[in-house]
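run.txt follows (compact mmCIF, C-alpha atoms and all ligand atoms):
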```txt
# COMPACT_ATOMS: atom_id res chain seq x y z
CA MET A 1 17.75 -5.23 23.21
CA ARG A 2 20.18 -7.35 21.29
CA ALA A 3 22.93 -6.71 23.85
CA ARG A 4 20.76 -8.43 26.47
CA LEU A 5 20.28 -11.59 24.40
CA PRO A 6 22.71 -14.54 24.43
CA ALA A 7 25.11 -14.47 21.52
CA VAL A 8 24.62 -18.16 20.68
CA ALA A 9 21.59 -20.45 20.45
CA PRO A 10 20.86 -22.75 23.43
CA ASP A 11 22.05 -26.32 23.23
CA ALA A 12 19.44 -27.69 25.64
CA PRO A 13 15.71 -27.04 25.41
CA GLU A 14 14.32 -24.18 27.46
CA SER A 15 10.89 -24.16 29.05
CA PHE A 16 8.14 -22.37 27.26
CA ASP A 17 7.48 -20.31 30.41
CA THR A 18 10.99 -18.90 30.22
CA ILE A 19 10.69 -18.16 26.53
CA LEU A 20 7.35 -16.40 27.02
CA ARG A 21 8.68 -14.42 29.97
CA ASP A 22 11.53 -13.19 27.79
CA PHE A 23 9.04 -12.37 25.04
CA ARG A 24 7.08 -10.21 27.49
CA GLU A 25 10.10 -8.59 29.11
CA GLN A 26 12.52 -8.23 26.19
CA ILE A 27 10.69 -8.36 22.90
CA ALA A 28 7.27 -6.75 23.36
CA PRO A 29 8.54 -3.57 25.09
CA ALA A 30 11.18 -3.12 22.38
CA MET A 31 8.66 -3.32 19.53
CA THR A 32 6.95 -0.45 17.73
CA HIS A 33 3.26 -0.97 18.38
CA TRP A 34 1.37 -0.47 15.13
CA GLY A 35 -1.84 -1.66 16.78
CA HIS A 36 -1.83 1.15 19.36
CA PRO A 37 -4.82 3.53 19.12
CA GLY A 38 -2.34 6.41 19.12
CA TRP A 39 -0.74 5.09 15.94
CA PHE A 40 -0.81 7.94 13.42
CA ALA A 41 2.52 7.20 11.69
CA TYR A 42 3.13 6.08 8.07
CA PHE A 43 -0.14 4.35 7.17
CA PRO A 44 -1.93 1.90 9.43
CA SER A 45 -0.87 -1.74 9.17
CA ASN A 46 -3.86 -3.18 10.90
CA SER A 47 -4.50 -6.50 12.47
CA SER A 48 -7.68 -7.79 14.09
CA PRO A 49 -8.69 -10.81 16.16
CA PRO A 50 -10.15 -12.84 13.24
CA SER A 51 -7.08 -12.08 11.15
CA VAL A 52 -4.77 -13.29 13.92
CA LEU A 53 -6.77 -16.52 14.24
CA GLY A 54 -6.67 -17.08 10.47
CA GLU A 55 -2.91 -16.54 10.53
CA LEU A 56 -2.54 -18.96 13.43
CA LEU A 57 -4.52 -21.67 11.64
CA SER A 58 -2.53 -21.22 8.46
CA ALA A 59 0.69 -21.62 10.45
CA GLY A 60 -0.77 -24.69 12.16
CA LEU A 61 -1.71 -26.24 8.84
CA GLY A 62 1.84 -25.67 7.66
CA ALA A 63 0.36 -24.89 4.29
CA GLN A 64 2.61 -24.31 1.30
CA CYS A 65 0.43 -22.96 -1.45
CA MET A 66 2.65 -22.90 -4.51
CA SER A 67 0.24 -24.92 -6.63
CA TRP A 68 -3.26 -26.33 -6.60
CA GLU A 69 -2.00 -29.82 -5.87
CA THR A 70 0.11 -28.74 -2.89
CA SER A 71 -2.86 -26.93 -1.26
CA PRO A 72 -6.11 -27.33 -3.20
CA ALA A 73 -8.36 -25.58 -0.68
CA ALA A 74 -5.91 -22.71 -0.27
CA THR A 75 -5.80 -22.12 -4.02
CA GLU A 76 -9.57 -22.23 -4.38
CA LEU A 77 -10.15 -20.07 -1.30
CA GLU A 78 -7.72 -17.50 -2.70
CA GLN A 79 -9.73 -17.49 -5.95
CA THR A 80 -12.98 -17.11 -4.00
CA VAL A 81 -11.74 -14.39 -1.66
CA MET A 82 -10.13 -12.41 -4.48
CA SER A 83 -13.40 -12.62 -6.40
CA TRP A 84 -15.32 -11.35 -3.34
CA TYR A 85 -12.83 -8.54 -2.90
CA ARG A 86 -12.96 -7.63 -6.61
CA GLN A 87 -16.74 -7.27 -6.30
CA LEU A 88 -16.50 -5.26 -3.08
CA LEU A 89 -14.16 -2.84 -4.86
CA SER A 90 -16.47 -2.73 -7.92
CA LEU A 91 -13.62 -3.72 -10.22
CA PRO A 92 -14.35 -4.99 -13.73
CA GLU A 93 -15.27 -8.66 -14.11
CA GLN A 94 -12.28 -9.14 -16.42
CA PHE A 95 -9.94 -8.59 -13.47
CA THR A 96 -8.57 -11.65 -11.68
CA GLY A 97 -6.94 -11.38 -8.28
CA VAL A 98 -3.94 -13.00 -6.66
CA ILE A 99 -2.46 -12.33 -3.24
CA GLN A 100 1.13 -11.07 -3.22
CA ASP A 101 3.30 -10.36 -0.20
CA SER A 102 3.43 -6.60 -0.69
CA ALA A 103 2.47 -3.76 -2.98
CA SER A 104 6.16 -3.44 -3.86
CA SER A 105 6.20 -7.01 -5.20
CA ALA A 106 2.91 -6.50 -7.03
CA THR A 107 4.22 -3.37 -8.74
CA LEU A 108 7.38 -5.25 -9.70
CA VAL A 109 5.18 -7.98 -11.20
CA ALA A 110 3.35 -5.29 -13.22
CA PHE A 111 6.65 -3.86 -14.49
CA LEU A 112 8.03 -7.25 -15.48
CA THR A 113 4.83 -8.18 -17.29
CA ALA A 114 4.69 -4.83 -19.08
CA ARG A 115 8.33 -5.16 -20.12
CA ASP A 116 7.68 -8.64 -21.43
CA ARG A 117 4.71 -7.41 -23.44
CA VAL A 118 6.89 -4.80 -25.12
CA GLY A 119 9.12 -7.72 -26.20
CA VAL A 120 12.27 -7.10 -28.23
CA ASP A 121 11.78 -3.35 -27.96
CA HIS A 122 12.22 -3.40 -24.19
CA GLU A 123 15.59 -1.69 -24.46
CA ARG A 124 13.68 1.41 -25.60
CA LEU A 125 10.90 1.05 -23.03
CA VAL A 126 9.97 4.20 -21.08
CA ALA A 127 8.09 4.19 -17.75
CA TYR A 128 6.01 7.02 -16.27
CA TRP A 129 4.86 7.87 -12.77
CA SER A 130 4.29 11.06 -10.82
CA SER A 131 6.68 12.85 -8.50
CA GLU A 132 4.40 11.74 -5.62
CA ALA A 133 4.49 8.01 -6.45
CA HIS A 134 5.80 5.62 -3.81
CA SER A 135 9.48 4.65 -3.92
CA SER A 136 8.48 1.05 -4.71
CA VAL A 137 7.65 2.23 -8.25
CA ALA A 138 11.17 3.52 -8.93
CA LYS A 139 12.53 0.38 -7.31
CA ALA A 140 10.42 -1.81 -9.60
CA ALA A 141 11.65 0.13 -12.63
CA ARG A 142 15.23 -0.37 -11.53
CA LEU A 143 14.70 -4.10 -10.98
CA ALA A 144 12.99 -4.36 -14.37
CA ASP A 145 16.17 -2.92 -15.88
CA ILE A 146 14.68 0.41 -16.93
CA PRO A 147 17.49 2.93 -16.38
CA VAL A 148 16.89 6.45 -15.08
CA GLU A 149 17.25 7.87 -18.59
CA ARG A 150 14.03 6.04 -19.49
CA GLN A 151 12.15 6.86 -16.28
CA ARG A 152 9.81 9.88 -16.55
CA VAL A 153 8.63 11.64 -13.43
CA VAL A 154 5.41 13.45 -14.32
CA PRO A 155 4.70 16.73 -12.48
CA VAL A 156 1.74 17.06 -10.12
CA ASP A 157 -0.84 19.80 -9.68
CA GLY A 158 -1.43 21.95 -6.60
CA GLU A 159 -3.21 19.05 -4.92
CA PHE A 160 -0.33 16.60 -5.62
CA ALA A 161 -2.15 14.61 -8.30
CA MET A 162 -0.51 13.72 -11.62
CA GLN A 163 -1.08 16.21 -14.46
CA PRO A 164 -2.42 14.11 -17.34
CA GLY A 165 -1.61 16.86 -19.86
CA ALA A 166 2.07 16.70 -18.91
CA LEU A 167 1.97 12.90 -19.15
CA ALA A 168 0.49 13.07 -22.66
CA THR A 169 3.18 15.51 -23.78
CA MET A 170 5.98 13.35 -22.37
CA LEU A 171 4.57 10.26 -24.05
CA ALA A 172 4.23 11.96 -27.40
CA ASP A 173 7.79 13.35 -27.18
CA ASP A 174 9.19 9.93 -26.36
CA ALA A 175 7.26 8.22 -29.15
CA ARG A 176 8.51 10.87 -31.59
CA GLN A 177 12.08 10.07 -30.59
CA GLY A 178 11.62 6.38 -31.32
CA LEU A 179 11.30 5.33 -27.70
CA VAL A 180 8.57 2.89 -26.61
CA PRO A 181 6.21 4.05 -23.83
CA GLY A 182 5.72 0.79 -21.91
CA ILE A 183 4.12 1.40 -18.52
CA ILE A 184 2.32 4.17 -16.66
CA VAL A 185 1.80 3.94 -12.90
CA ALA A 186 -0.86 6.10 -11.30
CA THR A 187 -1.53 6.30 -7.59
CA MET A 188 -4.85 6.34 -5.79
CA GLY A 189 -3.88 7.61 -2.34
CA THR A 190 -0.26 8.76 -2.44
CA THR A 191 1.93 8.03 0.53
CA SER A 192 2.70 11.65 1.37
CA SER A 193 -0.84 13.06 1.22
CA THR A 194 -3.35 10.47 -0.19
CA ALA A 195 -3.63 12.46 -3.41
CA CYS A 196 -5.54 10.57 -6.11
CA ASP A 197 -4.28 10.75 -9.67
CA PRO A 198 -7.03 11.25 -12.29
CA LEU A 199 -7.21 7.60 -13.33
CA ARG A 200 -9.74 8.00 -16.12
CA ALA A 201 -7.75 10.66 -17.98
CA ILE A 202 -4.51 8.75 -17.45
CA GLY A 203 -6.15 5.48 -18.47
CA GLN A 204 -7.38 7.02 -21.69
CA ILE A 205 -3.86 8.18 -22.53
CA ALA A 206 -2.58 4.66 -21.77
CA ARG A 207 -5.24 3.16 -24.06
CA ASP A 208 -4.46 5.61 -26.87
CA HIS A 209 -0.79 4.68 -26.76
CA LYS A 210 -1.34 0.97 -25.92
CA VAL A 211 0.73 1.29 -22.76
CA TRP A 212 0.37 -0.97 -19.68
CA PHE A 213 -1.50 1.00 -17.02
CA HIS A 214 -0.88 -0.01 -13.41
CA VAL A 215 -2.74 1.56 -10.46
CA ASP A 216 -1.04 1.67 -7.08
CA ALA A 217 -3.87 1.90 -4.55
CA ALA A 218 -1.86 0.26 -1.78
CA PHE A 219 -3.48 2.26 1.00
CA GLY A 220 -6.40 4.07 -0.63
CA GLY A 221 -7.88 1.09 -2.47
CA SER A 222 -9.65 -0.25 0.61
CA ALA A 223 -11.76 2.91 0.68
CA ALA A 224 -13.32 1.90 -2.65
CA ILE A 225 -15.60 -0.55 -0.81
CA VAL A 226 -17.42 2.55 0.48
CA PRO A 227 -19.81 3.70 -2.29
CA GLU A 228 -19.32 7.43 -1.72
CA LEU A 229 -15.51 7.01 -1.83
CA ARG A 230 -15.48 4.71 -4.88
CA PRO A 231 -15.32 7.72 -7.28
CA LEU A 232 -11.71 8.21 -6.15
CA LEU A 233 -10.94 4.98 -7.99
CA ASP A 234 -12.96 5.96 -11.06
CA GLY A 235 -11.09 5.03 -14.23
CA VAL A 236 -9.45 1.95 -12.76
CA GLU A 237 -11.63 0.16 -15.33
CA LEU A 238 -9.10 1.31 -17.94
CA SER A 239 -6.14 -0.19 -16.12
CA ASP A 240 -4.27 -3.40 -16.83
CA SER A 241 -3.40 -4.06 -13.21
CA MET A 242 -3.98 -2.69 -9.76
CA VAL A 243 -2.67 -3.34 -6.28
CA THR A 244 -4.27 -2.66 -2.92
CA ASN A 245 -3.19 -3.86 0.50
CA PRO A 246 -5.69 -5.46 2.88
CA HIS A 247 -2.70 -5.36 5.25
CA LYS A 248 -3.05 -1.61 5.53
CA TRP A 249 -6.64 -0.50 6.16
CA LEU A 250 -8.61 -3.75 5.79
CA LEU A 251 -7.97 -5.31 9.21
CA THR A 252 -5.79 -8.12 7.81
CA ASN A 253 -2.41 -8.42 9.41
CA PHE A 254 0.77 -8.08 7.39
CA ASP A 255 1.32 -9.51 4.83
CA CYS A 256 -1.57 -9.56 2.38
CA SER A 257 -1.52 -7.55 -0.83
CA ALA A 258 -4.19 -7.97 -3.50
CA TYR A 259 -3.01 -7.75 -7.10
CA PHE A 260 -5.66 -7.62 -9.82
CA VAL A 261 -4.74 -8.15 -13.45
CA ARG A 262 -6.77 -7.97 -16.63
CA ASP A 263 -4.71 -10.20 -18.92
CA VAL A 264 -3.83 -13.32 -16.96
CA ASP A 265 -2.16 -14.82 -20.04
CA ALA A 266 0.31 -11.94 -20.14
CA LEU A 267 1.10 -12.53 -16.47
CA LEU A 268 1.59 -16.26 -17.00
CA HIS A 269 3.74 -15.62 -20.04
CA THR A 270 6.15 -13.72 -17.82
CA PHE A 271 6.08 -15.85 -14.69
CA SER A 272 5.18 -19.41 -15.63
CA ILE A 273 7.94 -22.00 -15.68
CA ALA A 274 7.10 -25.68 -15.29
CA PRO A 275 10.15 -27.82 -14.59
CA GLU A 276 9.61 -31.58 -14.46
CA TYR A 277 9.69 -31.72 -10.65
CA LEU A 278 6.72 -29.34 -10.40
CA ARG A 279 4.54 -31.14 -12.94
CA THR A 280 1.54 -32.95 -11.49
CA ARG A 281 0.75 -36.63 -11.86
CA HIS A 282 -2.72 -36.26 -13.23
CA ASP A 283 -1.93 -33.44 -15.56
CA HIS A 284 -4.11 -31.10 -13.52
CA ASP A 285 -2.04 -28.19 -14.67
CA THR A 286 -4.20 -27.47 -17.67
CA THR A 287 -7.37 -27.13 -15.60
CA VAL A 288 -6.29 -25.62 -12.26
CA VAL A 289 -4.64 -22.40 -11.15
CA ASN A 290 -1.07 -22.67 -9.90
CA PHE A 291 -0.41 -19.40 -8.14
CA ARG A 292 3.36 -19.97 -8.20
CA ASP A 293 3.06 -18.79 -11.83
CA TRP A 294 1.46 -15.47 -10.81
CA GLY A 295 4.44 -13.80 -9.16
CA VAL A 296 8.11 -14.02 -8.19
CA PRO A 297 8.30 -16.62 -5.35
CA MET A 298 7.47 -20.25 -5.89
CA GLY A 299 6.50 -21.07 -2.30
CA ARG A 300 3.47 -19.19 -1.06
CA ARG A 301 1.73 -18.65 2.28
CA PHE A 302 -1.97 -19.34 2.91
CA ARG A 303 -2.86 -15.65 3.16
CA ALA A 304 -6.41 -16.04 1.86
CA LEU A 305 -7.46 -17.70 5.10
CA LYS A 306 -7.04 -14.62 7.29
CA LEU A 307 -8.72 -12.36 4.73
CA TRP A 308 -11.63 -14.83 4.55
CA PHE A 309 -11.90 -14.76 8.34
CA VAL A 310 -11.90 -10.96 8.35
CA LEU A 311 -14.47 -10.54 5.56
CA ARG A 312 -16.80 -13.10 7.09
CA SER A 313 -16.57 -12.26 10.75
CA TYR A 314 -17.01 -8.49 10.28
CA GLY A 315 -18.99 -8.45 7.05
CA ALA A 316 -18.51 -5.71 4.48
CA ALA A 317 -20.96 -3.36 6.21
CA ALA A 318 -18.89 -3.12 9.40
CA ILE A 319 -15.67 -2.59 7.45
CA ARG A 320 -17.34 0.17 5.43
CA SER A 321 -18.49 1.76 8.64
CA MET A 322 -14.95 1.69 10.08
CA ILE A 323 -13.48 3.33 6.99
CA ARG A 324 -16.25 5.95 6.98
CA THR A 325 -15.50 6.71 10.63
CA HIS A 326 -11.77 7.13 9.95
CA VAL A 327 -12.43 9.40 6.98
CA ALA A 328 -14.88 11.49 9.02
CA LEU A 329 -12.31 11.81 11.81
CA GLY A 330 -9.80 12.99 9.20
CA HIS A 331 -12.24 15.65 8.01
CA GLU A 332 -12.87 16.73 11.58
CA LEU A 333 -9.17 17.05 12.33
CA ALA A 334 -8.67 18.95 9.06
CA ALA A 335 -11.38 21.40 10.13
CA TRP A 336 -9.71 21.88 13.54
CA VAL A 337 -6.39 22.60 11.84
CA ASP A 338 -7.98 25.05 9.41
CA ALA A 339 -9.62 26.94 12.26
CA GLU A 340 -6.48 27.17 14.41
CA PRO A 341 -4.35 30.32 13.99
CA GLY A 342 -0.68 29.44 13.57
CA PHE A 343 -1.37 26.04 12.01
CA GLU A 344 -1.47 25.31 8.32
CA ARG A 345 -2.85 22.35 6.39
CA LEU A 346 -0.70 21.38 3.45
CA ALA A 347 -2.92 19.11 1.35
CA PRO A 348 -6.52 18.00 0.89
CA ALA A 349 -7.48 15.12 3.22
CA PRO A 350 -9.73 12.77 1.21
CA LEU A 351 -8.64 9.57 2.96
CA ALA A 352 -8.11 10.11 6.70
CA LEU A 353 -4.59 11.52 6.41
CA VAL A 354 -4.06 15.11 7.52
CA CYS A 355 -0.81 16.87 6.60
CA LEU A 356 -0.09 19.96 8.66
CA ARG A 357 2.56 22.21 10.11
CA HIS A 358 2.92 24.90 12.73
CA VAL A 359 3.91 28.31 11.37
CA PRO A 360 4.95 30.78 14.08
CA PRO A 361 4.87 34.35 12.70
CA ALA A 362 8.61 34.82 13.29
CA LEU A 363 9.46 31.88 11.00
CA GLN A 364 7.04 32.66 8.21
CA GLY A 365 8.68 32.25 4.79
CA ASP A 366 11.82 30.56 6.15
CA GLU A 367 11.39 26.96 4.98
CA THR A 368 14.58 25.69 6.62
CA ALA A 369 13.63 27.11 10.00
CA LEU A 370 10.05 25.85 9.63
CA ALA A 371 11.29 22.35 8.86
CA ARG A 372 13.52 22.41 11.94
CA HIS A 373 10.73 23.83 14.08
CA ASN A 374 8.17 21.21 12.99
CA ALA A 375 10.63 18.31 13.25
CA ALA A 376 11.29 19.36 16.84
CA LEU A 377 7.57 19.75 17.50
CA MET A 378 6.88 16.25 16.18
CA ALA A 379 9.75 14.82 18.23
CA ARG A 380 8.30 16.36 21.41
CA VAL A 381 4.83 14.99 20.65
CA ASN A 382 6.27 11.53 19.95
CA ALA A 383 8.34 11.69 23.13
CA THR A 384 5.12 11.76 25.17
CA GLY A 385 4.77 8.10 24.21
CA THR A 386 1.01 8.39 23.75
CA VAL A 387 0.95 8.88 19.98
CA HIS A 388 3.32 8.26 17.09
CA LEU A 389 3.64 10.56 14.07
CA THR A 390 5.89 10.64 11.01
CA HIS A 391 6.59 13.34 8.45
CA THR A 392 7.02 14.01 4.74
CA THR A 393 7.66 16.96 2.47
CA LEU A 394 4.96 18.43 0.24
CA GLY A 395 5.94 20.97 -2.39
CA GLY A 396 9.23 21.44 -0.55
CA LYS A 397 7.49 22.08 2.77
CA TYR A 398 8.04 19.92 5.84
CA ALA A 399 4.72 18.31 6.78
CA ILE A 400 3.68 16.39 9.87
CA ARG A 401 1.43 13.52 8.82
CA VAL A 402 -1.46 12.42 11.02
CA ALA A 403 -2.59 9.13 9.44
CA ILE A 404 -5.85 7.98 10.99
CA GLY A 405 -6.85 4.37 10.35
CA SER A 406 -5.66 2.19 13.17
CA PHE A 407 -8.26 -0.43 14.18
CA ARG A 408 -8.56 0.88 17.74
CA THR A 409 -8.34 4.62 17.06
CA GLU A 410 -11.35 6.59 18.27
CA ARG A 411 -12.30 10.25 18.22
CA ARG A 412 -10.72 10.80 21.65
CA HIS A 413 -7.32 9.64 20.33
CA VAL A 414 -7.53 12.08 17.42
CA ALA A 415 -8.53 14.84 19.86
CA GLU A 416 -5.52 13.90 21.98
CA VAL A 417 -2.98 14.08 19.15
CA TRP A 418 -4.39 17.47 18.21
CA ARG A 419 -4.21 18.66 21.83
CA LEU A 420 -0.57 17.51 22.03
CA LEU A 421 0.35 19.24 18.77
CA ARG A 422 -1.14 22.53 19.96
CA GLU A 423 0.35 22.23 23.44
CA GLU A 424 3.84 21.33 22.25
CA SER A 425 3.74 24.09 19.59
CA GLN A 426 3.75 26.57 22.49
CA THR A 427 6.95 25.28 24.17
C1 LIG B 1 1.09 4.25 -2.25
C2 LIG B 1 1.96 3.13 -1.72
N1 LIG B 1 2.45 2.22 -2.56
C3 LIG B 1 3.22 1.21 -2.13
C4 LIG B 1 3.54 1.06 -0.80
C5 LIG B 1 4.41 -0.08 -0.38
O1 LIG B 1 3.65 -1.05 0.25
P1 LIG B 1 4.27 -2.48 0.66
O2 LIG B 1 4.89 -2.29 2.00
O3 LIG B 1 3.09 -3.41 0.69
O4 LIG B 1 5.27 -2.85 -0.37
C6 LIG B 1 3.05 1.99 0.12
C7 LIG B 1 3.36 1.88 1.55
O5 LIG B 1 2.94 2.62 2.38
C8 LIG B 1 2.24 3.05 -0.35
O6 LIG B 1 1.77 3.98 0.48
```
Please, can you express the file's structure as structure tokens?
Ligand SMILES: Cc1ncc(COP(=O)(O)O)c(C=O)c1O
Amino acid sequence: MRARLPAVAPDAPESFDTILRDFREQIAPAMTHWGHPGWFAYFPSNSSPPSVLGELLSAGLGAQCMSWETSPAATELEQTVMSWYRQLLSLPEQFTGVIQDSASSATLVAFLTARDRVGVDHERLVAYWSSEAHSSVAKAARLADIPVERQRVVPVDGEFAMQPGALATMLADDARQGLVPGIIVATMGTTSSTACDPLRAIGQIARDHKVWFHVDAAFGGSAAIVPELRPLLDGVELSDSMVTNPHKWLLTNFDCSAYFVRDVDALLHTFSIAPEYLRTRHDHDTTVVNFRDWGVPMGRRFRALKLWFVLRSYGAAAIRSMIRTHVALGHELAAWVDAEPGFERLAPAPLALVCLRHVPPALQGDETALARHNAALMARVNATGTVHLTHTTLGGKYAIRVAIGSFRTERRHVAEVWRLLREESQT
């Protein structure tokens, strides 16, 4: 597309008609359409009409929400909406929420706070996460200046969840060697397969060793608003912080990431700086919340508005129903895969993600050939242009991921992706 665009900006104004025509002809067709009902790639990054309108209004207001005084209503709405969301997720009352741009940033915030809490010993700080954790965790460790020698990758069980016994052993070994266990990150809904680490057991280990316990529920967390799925988040009560992204499953367009923290003072200790030019005239700062002190950037968008629009215009019941539908569709697809000779499911599917592969008898046991075969199969399915899939590896096996959760995805779209997978597996 870029080759078709002028190399320099126009000197004279252009009509809006021309700009919109170019948007329709050049930009939209060259985008990847995450809102398509055939979107089964990565995880969903949903939008919805109320979210778009909230976003539009926040742009129109030109809000800059770094402090209470620069946007009082935005600050207070963020407090209100985060409190609503905390209750919907059945998180402990001691948790306070703040909206960050992404789960990656929120996890970085957790690492920096945990490192600060360790204090002068931070040069001996060790961090722990499972081999299935998202890459943003390793990135946060790197940015928090925790070198690979002090990063521990905990093994997972047959269902890709962290083994708490192995974690406990690693922690004890490190403590014995004079190192300082400083942060454990567990995942509820891993990126590759939506595996859920046993949060309660991990949380107990964190408590015993007085280690910061962060839960990455970037995708899966939204499911906790559904009572029968809430057990997957059981044990989050023992955590110090947790992140979940309304911009994935909760119908709120990118970006909007909810970070909940138990000890707000610890967070402020790490992030609060009050230069003279940010001090307020009436000395409000002792009584109000200034969200610029709750994360890395100073300037902040009015993200609470779109989440407020979404929660109010759908209501929690309709959102629960959507998530239930997606999860049920995932179970249905999993059952189809299990019943189909020649196909294999590679992980449990608790949260609407089905990981599968095609195993022709001639390739059985040959992982390299199976990876090549399934990559080609996925490419043929994607080339139809009706659905979009991505892949991962699970236990060294190439897996095609079918991530259900797009706002407009219905049963017929799931049936279609399954039909295409079977049809293309025969060519
Ligand atoms: C488990 C998990 N953590 C973190 C992330 C990163 O999310 P973000 O793009 O909000 O940084 C993802 C993205 O898919 C994820 O699946």
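Closest approach to ligand LIG 1 (chain B) among A:Ala304, A:Ala106, A:Leu421, A:Leu171: A:Ala106, based on all atoms listed in the file.
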Can you tell me which residues surround A:Arg345 at a distance of at most 7 Å, considering only C-alpha atoms, apart from same-chain residues fewer than 2 positions away, and format the answer as a PyMOL selection string? chain A and resi 337-338+343+347+355-357
| said: Around ligand LIG 1 (chain B), which protein and nucleic acid residues have at least one atom no more than 10 Å from it, if we count all atoms listed in the file? List them as number ranges by chain. | reply: A: 42-45, 100-108, 132-137, 186-196, 215-221, 243-248, 254-258
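Closest approach to A:Asp173 among A:Ala223, A:Ile27, A:Val126, A:Ala144: A:Val126, based on all atoms listed in the file.
Atom CA of A:Val98 is found 6.5 Å from atom CA of A:Phe260.
Among the candidates A:Met1, A:Ala415, A:Ala206, A:Leu57, the one nearest to A:Ala30 when counting all atoms listed in the file is A:Met1.
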